[in-house]
Amino acid sequence: MNSAPGFALAIVLGYALGCIPFAVVSSKVFGLPDPRSYGSGNPGATNVLRSGNRKAALMTLIGDALKGVLAVLLVRQLGLGDNAALLAGVAAFVGHVFPATLGFRGGKGVATAAGVMLAAVPMAGLIALGIWLAVAAVTRYSSLAALVAACSAPISGLLYTQSAVVCGALAAMSGLLIWRHADNIRRLMNGTESRIGRKKAQNAG
């Protein structure tokens, strides 16, 4: 069912899920400082990892990814249609980046975008994940891996679905994700971006 009310409901549900601040929640669960108070100040898994608590970082990563997955699957289960489900995923991504629960200052959206893609366009999501892992393993730059994977997403989405709607949705998420990595791009260009495993890293999260 592709209708205006269905799309509106998808957006509301997706955005509400996206606004759940798992970085803050996991930090509270493990008795850690608010992730916005140290490191990059970014409420994401990479910044939580800088606390030294891997379990909290893993909880954040899984939670942020599940927001995207659940947004897509919930709307699809409601019978609102694939386009509405994809829209819900994009809304969850936007909710993560601009959450009302954190004064509209959220994370960079890497994990949530991955969750959306894996649920809505599985093959494109797997390709993006594979690219992220490969680039991260070779360069040790989490931010560069996220940027390369983001650039590949609309292309692989179009190739596997032949859908302009899917391509457009993935391009919108990729564009916003790249914009949120502006500081990382500058550091990559001048050689000051930190690599994975370094406590002072300021890369994606």
# chains A, B, ... in the order shown; residues from 1 in each chain; ligands from 1
call {"tool": "residues_around", "arguments": {"residues": "A:Ala169", "least_positions_apart": "2", "cutoff": "9 Å", "atoms": "only C-alpha atoms", "output": "list in words"}}
result
Leu86, Leu87, Val90, Pro154, Ala164, Val165, Val166, Cys167, Ala171, Ala172, Met173 and Ser174 of chain A
call {"tool": "write_last_selection", "arguments": {"atoms": "all heavy atoms", "output": "short mmCIF file (atom, residue, chain, number, x, y, z; two decimals), in the first residue's frame"}}
result
data_model
loop_
_atom_site.label_atom_id
_atom_site.label_comp_id
_atom_site.auth_asym_id
_atom_site.auth_seq_id
_atom_site.Cartn_x
_atom_site.Cartn_y
_atom_site.Cartn_z
N LEU A 86 11.32 1.43 2.70
CA LEU A 86 12.58 2.09 2.42
C LEU A 86 12.59 3.51 2.98
O LEU A 86 13.58 3.97 3.55
CB LEU A 86 12.82 2.12 0.91
CG LEU A 86 14.12 2.76 0.42
CD1 LEU A 86 15.34 2.04 1.00
CD2 LEU A 86 14.18 2.75 -1.10
N LEU A 87 11.46 4.19 2.85
CA LEU A 87 11.33 5.54 3.39
C LEU A 87 11.48 5.54 4.91
O LEU A 87 12.10 6.44 5.48
CB LEU A 87 9.97 6.13 3.00
CG LEU A 87 9.69 7.58 3.42
CD1 LEU A 87 10.72 8.52 2.81
CD2 LEU A 87 8.28 7.99 3.00
N VAL A 90 15.16 5.34 5.69
CA VAL A 90 15.81 6.64 5.51
C VAL A 90 15.46 7.56 6.68
O VAL A 90 16.31 8.29 7.19
CB VAL A 90 15.40 7.28 4.18
CG1 VAL A 90 15.97 8.70 4.06
CG2 VAL A 90 15.87 6.43 3.00
N PRO A 154 24.68 3.73 -3.69
CA PRO A 154 23.67 3.99 -4.73
C PRO A 154 23.91 3.19 -6.00
O PRO A 154 22.96 2.75 -6.65
CB PRO A 154 23.83 5.50 -4.99
CG PRO A 154 24.51 6.04 -3.78
CD PRO A 154 25.42 4.95 -3.32
N ALA A 164 15.05 3.42 -9.59
CA ALA A 164 15.50 4.80 -9.37
C ALA A 164 15.15 5.25 -7.95
O ALA A 164 15.86 6.06 -7.36
CB ALA A 164 14.86 5.73 -10.39
N VAL A 165 14.06 4.71 -7.41
CA VAL A 165 13.65 5.06 -6.05
C VAL A 165 14.69 4.58 -5.05
O VAL A 165 15.11 5.32 -4.14
CB VAL A 165 12.27 4.46 -5.71
CG1 VAL A 165 11.93 4.68 -4.24
CG2 VAL A 165 11.20 5.08 -6.59
N VAL A 166 15.11 3.33 -5.20
CA VAL A 166 16.13 2.77 -4.31
C VAL A 166 17.44 3.54 -4.45
O VAL A 166 18.07 3.91 -3.46
CB VAL A 166 16.36 1.28 -4.62
CG1 VAL A 166 17.59 0.76 -3.87
CG2 VAL A 166 15.13 0.46 -4.23
N CYS A 167 17.84 3.79 -5.69
CA CYS A 167 19.07 4.53 -5.94
C CYS A 167 19.00 5.92 -5.30
O CYS A 167 19.96 6.36 -4.67
CB CYS A 167 19.30 4.65 -7.44
SG CYS A 167 20.83 5.52 -7.88
N ALA A 171 21.29 7.24 -2.31
CA ALA A 171 22.12 8.41 -2.61
C ALA A 171 21.89 9.50 -1.57
O ALA A 171 22.84 10.19 -1.15
CB ALA A 171 21.79 8.94 -4.00
N ALA A 172 20.64 9.65 -1.12
CA ALA A 172 20.33 10.66 -0.10
C ALA A 172 21.05 10.33 1.21
O ALA A 172 21.64 11.21 1.85
CB ALA A 172 18.82 10.73 0.12
N MET A 173 20.98 9.06 1.62
CA MET A 173 21.68 8.66 2.84
C MET A 173 23.19 8.82 2.69
O MET A 173 23.86 9.31 3.60
CB MET A 173 21.35 7.21 3.20
CG MET A 173 19.96 7.00 3.76
SD MET A 173 19.78 5.43 4.66
CE MET A 173 20.20 4.24 3.39
N SER A 174 23.70 8.43 1.55
CA SER A 174 25.15 8.53 1.32
C SER A 174 25.61 9.97 1.35
O SER A 174 26.65 10.30 1.93
CB SER A 174 25.51 7.90 -0.04
OG SER A 174 25.24 6.51 -0.04
#
call {"tool": "residues_around", "arguments": {"residues": "A:Leu133", "least_positions_apart": "6", "cutoff": "10 Å", "atoms": "only C-alpha atoms", "output": "ChimeraX atom specification"}}
result
/A:127,140,142,145-146,149
call {"tool": "closest_residue", "arguments": {"among": "A:Phe22, A:Tyr141, A:Trp132, A:Phe30", "to": "A:Asn42", "atoms": "only C-alpha atoms"}}
result
A:Phe22
